[in-house]
$ cat input.cif   # mmCIF, C-alpha atoms
data_work
#
loop_
_atom_site.label_atom_id
_atom_site.label_comp_id
_atom_site.auth_asym_id
_atom_site.auth_seq_id
_atom_site.Cartn_x
_atom_site.Cartn_y
_atom_site.Cartn_z
CA MET A 1 -76.49 230.13 107.58
CA ALA A 2 -77.22 231.42 104.12
CA VAL A 3 -79.69 230.13 101.59
CA LEU A 4 -79.21 226.47 100.82
CA ALA A 5 -78.46 226.14 97.17
CA ALA A 6 -77.34 222.98 95.46
CA GLU A 7 -76.94 224.21 91.92
CA GLY A 8 -77.13 221.17 89.70
CA SER A 9 -75.10 218.44 91.36
CA ALA A 10 -72.33 220.69 92.66
CA ILE A 11 -72.37 221.72 96.31
CA ASP A 12 -71.82 225.45 96.68
CA ALA A 13 -70.53 225.31 100.25
CA LEU A 14 -68.73 228.67 100.24
CA GLY A 15 -71.43 230.77 98.59
CA GLN A 16 -72.90 231.52 101.99
CA PHE A 17 -69.80 233.52 102.92
CA ARG A 18 -70.01 235.80 99.89
CA LEU A 19 -70.55 239.44 100.75
CA ALA A 20 -73.41 241.37 99.20
CA HIS A 21 -74.56 244.94 99.56
CA GLY A 22 -77.15 245.62 102.20
CA LEU A 23 -79.68 248.44 102.52
CA GLY A 24 -80.40 248.65 98.78
CA GLU A 25 -79.14 251.71 96.85
CA ILE A 26 -77.50 253.45 99.79
CA GLY A 27 -75.65 250.29 100.81
CA GLY A 28 -74.21 249.95 97.32
CA ALA A 29 -72.98 253.54 97.32
CA VAL A 30 -71.12 253.32 100.63
CA ASN A 31 -70.16 249.62 100.49
CA PHE A 32 -72.41 248.70 103.37
CA THR A 33 -72.54 244.90 103.30
CA ASN A 34 -74.73 242.18 104.75
CA ALA A 35 -71.93 241.51 107.27
CA ASN A 36 -72.20 245.10 108.49
CA GLU A 37 -75.96 244.68 108.84
CA ILE A 38 -75.49 241.73 111.18
CA MET A 39 -72.76 243.57 113.11
CA LEU A 40 -75.13 246.47 113.73
CA LEU A 41 -77.85 244.00 114.65
CA ALA A 42 -75.50 242.26 117.10
CA GLY A 43 -74.72 245.60 118.70
CA ALA A 44 -78.42 246.45 118.89
CA VAL A 45 -79.29 243.05 120.38
CA LEU A 46 -76.59 243.48 123.01
CA LEU A 47 -77.60 247.02 123.94
CA GLY A 48 -81.26 245.99 124.00
CA LEU A 49 -80.48 243.01 126.20
CA LEU A 50 -78.53 245.17 128.65
CA TYR A 51 -81.09 247.98 128.63
CA PHE A 52 -84.25 245.92 128.98
CA GLY A 53 -82.55 243.36 131.19
CA MET A 54 -81.44 245.90 133.76
CA LYS A 55 -84.51 248.15 133.51
CA PRO A 56 -86.45 246.52 136.40
CA ARG A 57 -83.41 246.81 138.75
CA ALA A 58 -85.08 244.18 140.92
CA ILE A 59 -83.34 242.72 143.97
CA VAL A 60 -84.67 239.32 142.99
CA PRO A 61 -83.99 239.36 139.25
CA GLY A 62 -86.39 238.12 136.59
CA ARG A 63 -85.20 235.90 133.76
CA LEU A 64 -83.77 238.61 131.55
CA GLN A 65 -82.12 240.44 134.42
CA ALA A 66 -80.67 237.17 135.73
CA LEU A 67 -79.20 236.53 132.27
CA VAL A 68 -77.59 239.97 132.14
CA GLU A 69 -76.27 239.69 135.71
CA TYR A 70 -74.90 236.23 135.05
CA LEU A 71 -73.18 237.46 131.89
CA HIS A 72 -71.69 240.40 133.78
CA ASP A 73 -70.46 238.29 136.70
CA PHE A 74 -69.08 235.62 134.39
CA ILE A 75 -66.84 238.06 132.52
CA TYR A 76 -66.04 240.06 135.65
CA ASN A 77 -64.81 236.96 137.47
CA MET A 78 -62.87 235.87 134.41
CA CYS A 79 -61.08 239.24 134.36
CA LEU A 80 -60.28 239.04 138.07
CA ASP A 81 -59.15 235.39 137.92
CA GLN A 82 -56.98 235.74 134.87
CA ILE A 83 -55.58 239.28 135.10
CA GLY A 84 -55.79 239.98 138.84
CA GLU A 85 -56.87 243.20 140.55
CA GLU A 86 -55.98 245.25 137.47
CA GLY A 87 -58.51 243.18 135.53
CA LYS A 88 -61.26 245.54 136.64
CA ARG A 89 -59.87 248.21 134.33
CA PHE A 90 -60.09 245.91 131.33
CA PHE A 91 -63.53 244.53 132.13
CA PRO A 92 -65.49 246.81 129.73
CA PHE A 93 -63.20 245.86 126.86
CA ILE A 94 -63.35 242.10 127.52
CA PHE A 95 -67.12 242.26 128.04
CA THR A 96 -67.67 244.05 124.74
CA LEU A 97 -65.36 241.68 122.90
CA PHE A 98 -66.95 238.55 124.33
CA THR A 99 -70.56 239.60 123.84
CA PHE A 100 -69.99 240.95 120.33
CA ILE A 101 -68.37 237.70 119.17
CA LEU A 102 -70.90 235.55 121.03
CA ILE A 103 -73.94 237.32 119.58
CA GLY A 104 -72.33 237.37 116.13
CA ASN A 105 -71.75 233.60 116.32
CA LEU A 106 -75.27 232.92 117.53
CA LEU A 107 -76.99 235.24 115.00
CA GLY A 108 -75.08 233.43 112.26
CA LEU A 109 -76.92 230.22 113.12
CA PHE A 110 -80.27 231.66 112.00
CA PRO A 111 -81.33 230.97 108.40
CA TYR A 112 -80.70 233.89 106.01
CA PHE A 113 -78.34 235.51 108.53
CA PHE A 114 -74.73 236.21 107.72
CA THR A 115 -71.99 234.96 110.03
CA PHE A 116 -69.54 237.85 110.22
CA THR A 117 -67.16 235.91 112.48
CA SER A 118 -66.60 233.50 109.57
CA HIS A 119 -64.58 236.20 107.78
CA ILE A 120 -60.90 236.37 108.64
CA MET A 121 -61.01 240.10 107.92
CA VAL A 122 -63.30 240.54 110.91
CA THR A 123 -61.56 238.15 113.29
CA GLY A 124 -58.18 239.43 112.13
CA ALA A 125 -59.17 243.02 112.85
CA LEU A 126 -60.37 242.02 116.32
CA ALA A 127 -57.15 240.09 117.00
CA ILE A 128 -54.97 242.98 115.82
CA LEU A 129 -56.97 245.33 118.05
CA VAL A 130 -56.30 243.00 120.98
CA ILE A 131 -52.59 242.62 120.34
CA VAL A 132 -52.01 246.34 119.76
CA LEU A 133 -53.88 247.11 122.98
CA VAL A 134 -51.87 244.48 124.89
CA THR A 135 -48.59 245.87 123.59
CA LEU A 136 -49.57 249.45 124.39
CA VAL A 137 -50.66 248.45 127.91
CA ALA A 138 -47.34 246.69 128.47
CA LEU A 139 -45.36 249.67 127.16
CA ARG A 140 -47.40 252.10 129.26
CA ILE A 141 -46.93 250.12 132.48
CA HIS A 142 -43.38 248.87 132.07
CA GLY A 143 -41.84 251.28 129.55
CA LEU A 144 -38.81 249.88 127.81
CA ARG A 145 -38.54 247.08 130.37
CA PHE A 146 -41.27 245.46 128.27
CA PHE A 147 -38.58 244.25 125.88
CA THR A 148 -37.05 242.03 128.56
CA TYR A 149 -40.19 239.96 127.99
CA PHE A 150 -38.50 238.49 124.94
CA PHE A 151 -35.54 237.22 126.97
CA PRO A 152 -36.72 235.23 130.00
CA ALA A 153 -34.57 235.36 133.13
CA GLY A 154 -32.40 232.33 133.76
CA VAL A 155 -31.65 231.57 130.13
CA PRO A 156 -27.91 231.40 129.31
CA LYS A 157 -26.68 234.55 127.53
CA LEU A 158 -25.24 232.39 124.77
CA LEU A 159 -28.73 231.39 123.68
CA ALA A 160 -29.91 234.98 123.26
CA PRO A 161 -29.56 235.10 119.45
CA LEU A 162 -31.77 232.01 119.24
CA ILE A 163 -34.29 232.68 122.01
CA ILE A 164 -35.07 236.30 121.21
CA PRO A 165 -36.21 235.72 117.59
CA ILE A 166 -38.23 232.69 118.71
CA GLU A 167 -39.91 234.68 121.49
CA ILE A 168 -40.68 237.54 119.11
CA LEU A 169 -42.15 235.13 116.57
CA SER A 170 -44.18 233.48 119.30
CA TYR A 171 -45.49 236.90 120.32
CA LEU A 172 -46.33 237.84 116.74
CA SER A 173 -48.10 234.55 116.13
CA ARG A 174 -50.67 235.38 118.82
CA PRO A 175 -52.99 237.51 116.67
CA VAL A 176 -52.70 234.98 113.85
CA SER A 177 -53.69 232.00 115.99
CA LEU A 178 -56.37 234.07 117.74
CA SER A 179 -58.02 235.09 114.48
CA ILE A 180 -57.60 231.78 112.62
CA ARG A 181 -59.10 229.79 115.49
CA LEU A 182 -62.36 231.75 115.53
CA PHE A 183 -62.60 232.07 111.75
CA ALA A 184 -61.83 228.39 111.08
CA ASN A 185 -64.30 227.12 113.67
CA MET A 186 -67.17 229.22 112.36
CA THR A 187 -66.41 228.55 108.69
CA ALA A 188 -66.03 224.79 109.19
CA GLY A 189 -69.34 224.53 111.03
CA HIS A 190 -71.29 226.44 108.40
CA VAL A 191 -69.70 224.51 105.54
CA MET A 192 -70.81 221.28 107.21
CA PHE A 193 -74.37 222.60 107.50
CA GLU A 194 -74.37 223.45 103.82
CA VAL A 195 -72.90 220.10 102.73
CA PHE A 196 -75.38 217.98 104.68
CA ALA A 197 -78.30 220.18 103.67
CA SER A 198 -77.24 219.78 100.04
CA PHE A 199 -77.19 216.00 100.52
CA MET A 200 -80.87 216.14 101.41
CA ILE A 201 -81.80 218.06 98.27
CA MET A 202 -79.63 215.84 96.09
CA LEU A 203 -81.13 212.65 97.55
CA VAL A 204 -84.66 213.84 96.89
CA GLY A 205 -83.68 215.01 93.41
CA ALA A 206 -82.04 211.73 92.48
CA LEU A 207 -84.29 209.12 94.13
CA GLY A 208 -87.68 210.81 94.41
CA ALA A 209 -89.96 209.37 97.07
CA PHE A 210 -87.32 206.95 98.35
CA GLY A 211 -84.97 209.91 98.59
CA TYR A 212 -87.28 211.56 101.13
CA VAL A 213 -86.81 208.53 103.40
CA LEU A 214 -83.03 208.53 103.03
CA ALA A 215 -82.84 212.31 103.49
CA VAL A 216 -83.80 211.84 107.13
CA ALA A 217 -80.19 210.78 107.84
CA PRO A 218 -78.51 214.05 106.77
CA LEU A 219 -81.32 215.94 108.48
CA ALA A 220 -80.57 214.14 111.74
CA ILE A 221 -76.89 214.98 111.34
CA ASN A 222 -77.73 218.64 110.77
CA ILE A 223 -79.89 218.74 113.88
CA ALA A 224 -77.06 217.27 115.94
CA LEU A 225 -74.68 219.69 114.24
CA MET A 226 -76.87 222.63 115.27
CA GLY A 227 -76.48 221.66 118.91
CA PHE A 228 -72.75 221.34 118.45
CA GLU A 229 -72.55 224.71 116.69
CA ILE A 230 -74.33 226.44 119.57
CA LEU A 231 -71.67 224.99 121.85
CA VAL A 232 -68.93 226.13 119.48
CA ALA A 233 -70.42 229.63 119.33
CA PHE A 234 -70.10 229.95 123.11
CA LEU A 235 -66.76 228.16 123.30
CA GLN A 236 -65.03 230.26 120.65
CA ALA A 237 -66.26 233.53 122.13
CA TYR A 238 -65.04 232.30 125.51
CA VAL A 239 -61.65 231.22 124.14
CA PHE A 240 -61.18 234.58 122.40
CA ALA A 241 -62.00 236.46 125.60
CA ILE A 242 -59.94 234.28 127.93
CA LEU A 243 -56.88 234.40 125.67
CA THR A 244 -57.19 238.19 125.58
CA CYS A 245 -57.26 238.08 129.39
CA ILE A 246 -54.16 235.89 129.49
CA TYR A 247 -52.29 238.21 127.13
CA LEU A 248 -53.35 241.19 129.25
CA HIS A 249 -52.11 239.33 132.33
CA ASP A 250 -48.72 238.95 130.67
CA ALA A 251 -48.74 242.62 129.71
CA VAL A 252 -49.63 243.77 133.22
CA HIS A 253 -47.36 241.45 135.19
CA LEU A 254 -44.53 240.88 132.70
CA HIS A 255 -42.98 237.79 134.29
CA MET B 1 -83.15 258.93 157.16
CA GLY B 2 -84.83 260.27 160.31
CA LYS B 3 -82.89 257.85 162.53
CA ASP B 4 -79.89 258.97 164.55
CA GLN B 5 -76.42 257.73 163.64
CA ALA B 6 -76.25 254.96 166.26
CA GLY B 7 -79.60 253.53 165.24
CA GLY B 8 -78.56 253.51 161.58
CA ASP B 9 -75.35 251.64 162.42
CA GLN B 10 -77.31 249.16 164.49
CA ALA B 11 -79.69 248.42 161.63
CA GLU B 12 -76.77 248.18 159.19
CA GLY B 13 -74.98 245.71 161.47
CA ASP B 14 -78.11 243.59 161.84
CA ARG B 15 -78.64 243.47 158.12
CA GLU B 16 -75.02 242.45 157.53
CA ARG B 17 -75.19 239.74 160.16
CA GLY B 18 -78.49 238.54 158.70
CA ALA B 19 -76.99 238.43 155.20
CA ALA B 20 -73.92 236.54 156.43
CA SER B 21 -75.99 233.96 158.27
CA PHE B 22 -78.30 233.67 155.24
CA GLU B 23 -75.30 232.94 153.00
CA ALA B 24 -74.05 230.34 155.48
CA ARG B 25 -77.45 228.66 155.77
CA LEU B 26 -77.90 228.74 152.00
CA ALA B 27 -74.48 227.14 151.48
CA ALA B 28 -75.31 224.45 154.05
CA ALA B 29 -78.69 223.74 152.44
CA ARG B 30 -77.15 223.55 148.97
CA GLY B 31 -74.49 221.18 150.32
CA ARG B 32 -77.16 218.89 151.79
CA GLN B 33 -79.05 218.79 148.50
CA GLY B 34 -75.86 218.26 146.53
CA LEU B 35 -76.63 221.29 144.35
CA ASP B 36 -73.09 222.66 144.29
CA ARG B 37 -70.91 221.14 141.66
CA PRO B 38 -67.38 220.45 142.89
CA VAL B 39 -65.02 223.20 141.80
CA ALA B 40 -63.51 222.04 138.54
CA ALA B 41 -59.88 221.00 138.75
CA SER B 42 -59.15 222.77 135.48
CA ARG B 43 -60.02 226.18 136.93
CA GLY B 44 -57.58 228.87 135.92
CA THR B 45 -56.31 227.10 132.84
CA ASP B 46 -57.46 227.61 129.30
CA LEU B 47 -57.03 224.02 128.13
CA PRO B 48 -59.99 222.89 126.06
CA ALA B 49 -61.94 220.06 127.64
CA ASN B 50 -62.34 217.71 124.71
CA ALA B 51 -59.70 216.11 122.56
CA LEU B 52 -60.90 217.57 119.25
CA ALA B 53 -60.73 221.13 120.56
CA LEU B 54 -57.29 220.50 122.04
CA GLY B 55 -56.02 219.04 118.79
CA LEU B 56 -57.34 222.03 116.88
CA ARG B 57 -55.69 224.45 119.31
CA VAL B 58 -52.34 222.70 119.01
CA GLY B 59 -52.57 222.63 115.22
CA VAL B 60 -53.46 226.30 115.00
CA GLU B 61 -50.62 227.26 117.39
CA LEU B 62 -48.07 225.34 115.32
CA ALA B 63 -49.30 226.63 111.98
CA SER B 64 -49.72 230.26 112.98
CA ALA B 65 -46.15 230.62 114.27
CA LEU B 66 -44.87 229.06 111.06
CA ALA B 67 -47.09 231.32 108.94
CA VAL B 68 -45.81 234.45 110.66
CA ALA B 69 -42.22 233.28 110.29
CA VAL B 70 -42.61 232.47 106.60
CA ALA B 71 -44.24 235.85 105.97
CA ILE B 72 -41.38 237.68 107.72
CA GLY B 73 -38.70 235.61 106.00
CA TYR B 74 -40.28 236.09 102.59
CA GLY B 75 -40.68 239.81 103.19
CA LEU B 76 -37.04 240.23 104.26
CA ASP B 77 -35.87 238.26 101.22
CA ARG B 78 -37.91 240.41 98.86
CA TRP B 79 -36.60 243.57 100.48
CA LEU B 80 -32.92 242.55 100.60
CA HIS B 81 -32.90 240.31 97.49
CA THR B 82 -31.37 237.42 99.43
CA ARG B 83 -33.83 234.66 98.60
CA PRO B 84 -33.82 232.04 100.04
CA LEU B 85 -31.56 232.91 102.97
CA PHE B 86 -34.05 234.51 105.38
CA LEU B 87 -36.87 232.23 104.34
CA ALA B 88 -34.80 229.19 105.32
CA VAL B 89 -33.72 230.72 108.63
CA PHE B 90 -37.20 231.88 109.58
CA VAL B 91 -38.87 228.57 108.73
CA LEU B 92 -36.64 226.92 111.33
CA LEU B 93 -37.25 229.68 113.88
CA GLY B 94 -40.98 229.59 113.19
CA GLY B 95 -41.10 225.85 113.74
CA ALA B 96 -39.30 226.32 117.05
CA ALA B 97 -41.68 229.13 118.04
CA GLY B 98 -44.64 226.90 117.18
CA VAL B 99 -43.31 224.10 119.35
CA MET B 100 -42.78 226.63 122.14
CA ASN B 101 -46.38 227.84 121.79
CA VAL B 102 -47.58 224.24 122.11
CA TRP B 103 -45.29 223.63 125.08
CA ARG B 104 -46.76 226.66 126.84
CA LEU B 105 -50.23 225.34 126.09
CA VAL B 106 -49.86 221.76 127.30
CA GLY B 107 -46.63 221.77 129.30
CA PRO B 108 -46.32 221.59 133.09
CA ARG B 109 -47.67 224.54 135.04
CA ALA B 110 -44.26 226.13 135.56
CA ALA B 111 -43.83 226.49 131.81
CA ARG B 112 -47.41 227.67 131.45
CA GLY B 113 -46.80 230.62 133.74
CA ARG B 114 -45.74 232.57 130.68
CA ARG B 115 -47.96 232.23 127.69
#

$ encode --input "input.cif" --output "structure tokens"
Amino acid sequence: MAVLAAEGSAIDALGQFRLAHGLGEIGGAVNFTNANEIMLLAGAVLLGLLYFGMKPRAIVPGRLQALVEYLHDFIYNMCLDQIGEEGKRFFPFIFTLFTFILIGNLLGLFPYFFTFTSHIMVTGALAILVIVLVTLVALRIHGLRFFTYFFPAGVPKLLAPLIIPIEILSYLSRPVSLSIRLFANMTAGHVMFEVFASFMIMLVGALGAFGYVLAVAPLAINIALMGFEILVAFLQAYVFAILTCIYLHDAVHLH
Amino acid sequence: MGKDQAGGDQAEGDRERGAASFEARLAAARGRQGLDRPVAASRGTDLPANALALGLRVGVELASALAVAVAIGYGLDRWLHTRPLFLAVFVLLGGAAGVMNVWRLVGPRAARGRR
């Protein structure tokens, strides 16, 4: 959530998503933005969590180690459940994807932090990465038989000119829906924060002391919203990861 | 590691048996205390639990297929100078693809096998 700024009476709900240069002079020269800063931070937080979490290597884990083990098992089981035996090979990829998005979503909830998952450039790049990987995996395993995917067995031959374009469009819409879902959820949540926070400032500005009393209502909404956003942060990372697993399942098994 | 092979196997077997019985006793104790949540019926599906999330999923599935189709149709028209032929065709196909995406999402399990 970026700085709350109600300039005049207008609510600047989208200003928080504006990119700025990070790291002072050097950042300006190489186009290193505040989004990149948070991405690096997310990577550092993840590596730190894994390193310090697993350092004790205790049989009975402490809190941090239990967290890391739970995270590992959660994704590992998701890979096995959704993809099957071959899921083990994709576990590192899914784990990285899930934790990067999750930590990015959660870091974005802190004041003055930038939410990089609220940019469709970022989610779009991740989705394209996923879909290119899925297609390459399918081509590697099945070769040219992959293209039978677009014409399911049991469909009358007469319908081929209709079914094949629809199936291809459905396949191509995957990265779009994958990226829009994450981006829209994060953007919507942060816009709501900004709007209700602006209400507080506007109430105080317009009504003075009485405004402070009324401003409790938007504050209460924002507190409830924070709980909801933490849920959304987990849910969207989970949805992104599980859909990637489902696409990989299709690529590996090719019904 | 000073033990002979048979002794090592013996100890290994004991430990395994101990672990298995521990798991069994733990499961029984958890059952008595009601600590284990029943396995969710929705396991293995990716359907969102609440209505708002489901509605959002369906909307995004519909819109994204249409968006891809419109982009392809518009691109083909620009390339071949046939506006609005491909745009019209691809809007229809995109709508159908969107409905198919939604059907795969919420349809019966047989249809959901392929997503």

$ resolve_selection --input "input.cif" --expression "the PyMOL selection byres ((chain A) within 6 of (chain B))" --output "list in words"
Ile166, Ser170, Ser173, Val176 and Ser177 of chain A

$ resolve_selection --input "input.cif" --expression "the PyMOL selection byres ((chain A and resi 13) around 9)" --output "list in words"
Leu4, Ala5, Ala6, Ile11, Asp12, Leu14, Gly15, Gln16, Phe17, His190, Val191, Met192, Phe193, Glu194, Val195 and Ser198 of chain A

$ resolve_selection --input "input.cif" --expression "the PyMOL selection byres ((chain A and resi 179-182) around 8)" --output "list in words"
Thr117, Ser118, Ile120, Thr123, Gly124, Leu126, Ala127, Pro175, Val176, Ser177, Leu178, Phe183, Ala184, Asn185, Met186, Gln236, Ala237 and Phe240 of chain A; Arg57 and Val60 of chain B

$ axis_aligned_box --input "input.cif" --around "segment 61-76 of chain B" --padding-each-side "5 Å" --output "lines of an AutoDock Vina configuration file"
center_x = -43.8
center_y = 232.8
center_z = 110.0
size_x = 23.6
size_y = 24.9
size_z = 24.8

$ closest_residue --input "input.cif" --among "A:Lys88, A:Phe114, A:Val60, A:Val239" --to "His21 of chain A" --atoms "only C-alpha atoms"
A:Phe114

$ residues_around --input "input.cif" --residues "segment 241-252 of chain A" --least-positions-apart "6" --cutoff "10 Å" --atoms "all atoms listed in the file" --output "short mmCIF file (atom, residue, chain, number, x, y, z; two decimals) with C-alpha atoms, keeping the file's coordinate frame"
data_model
loop_
_atom_site.label_atom_id
_atom_site.label_comp_id
_atom_site.auth_asym_id
_atom_site.auth_seq_id
_atom_site.Cartn_x
_atom_site.Cartn_y
_atom_site.Cartn_z
CA ILE A 75 -66.84 238.06 132.52
CA MET A 78 -62.87 235.87 134.41
CA CYS A 79 -61.08 239.24 134.36
CA LEU A 80 -60.28 239.04 138.07
CA ASP A 81 -59.15 235.39 137.92
CA GLN A 82 -56.98 235.74 134.87
CA ILE A 83 -55.58 239.28 135.10
CA GLY A 84 -55.79 239.98 138.84
CA GLU A 86 -55.98 245.25 137.47
CA GLY A 87 -58.51 243.18 135.53
CA PHE A 90 -60.09 245.91 131.33
CA PHE A 91 -63.53 244.53 132.13
CA PHE A 93 -63.20 245.86 126.86
CA ILE A 94 -63.35 242.10 127.52
CA PHE A 95 -67.12 242.26 128.04
CA THR A 96 -67.67 244.05 124.74
CA LEU A 97 -65.36 241.68 122.90
CA PHE A 98 -66.95 238.55 124.33
CA THR A 99 -70.56 239.60 123.84
CA ILE A 101 -68.37 237.70 119.17
CA ALA A 127 -57.15 240.09 117.00
CA VAL A 130 -56.30 243.00 120.98
CA ILE A 131 -52.59 242.62 120.34
CA LEU A 133 -53.88 247.11 122.98
CA VAL A 134 -51.87 244.48 124.89
CA THR A 135 -48.59 245.87 123.59
CA LEU A 136 -49.57 249.45 124.39
CA VAL A 137 -50.66 248.45 127.91
CA ALA A 138 -47.34 246.69 128.47
CA LEU A 139 -45.36 249.67 127.16
CA ARG A 140 -47.40 252.10 129.26
CA ILE A 141 -46.93 250.12 132.48
CA HIS A 142 -43.38 248.87 132.07
CA PHE A 146 -41.27 245.46 128.27
CA TYR A 149 -40.19 239.96 127.99
CA TYR A 171 -45.49 236.90 120.32
CA ARG A 174 -50.67 235.38 118.82
CA PRO A 175 -52.99 237.51 116.67
CA LEU A 178 -56.37 234.07 117.74
CA LEU A 235 -66.76 228.16 123.30
CA GLY B 44 -57.58 228.87 135.92
CA THR B 45 -56.31 227.10 132.84
CA ASP B 46 -57.46 227.61 129.30
CA GLY B 113 -46.80 230.62 133.74
CA ARG B 114 -45.74 232.57 130.68
CA ARG B 115 -47.96 232.23 127.69
#
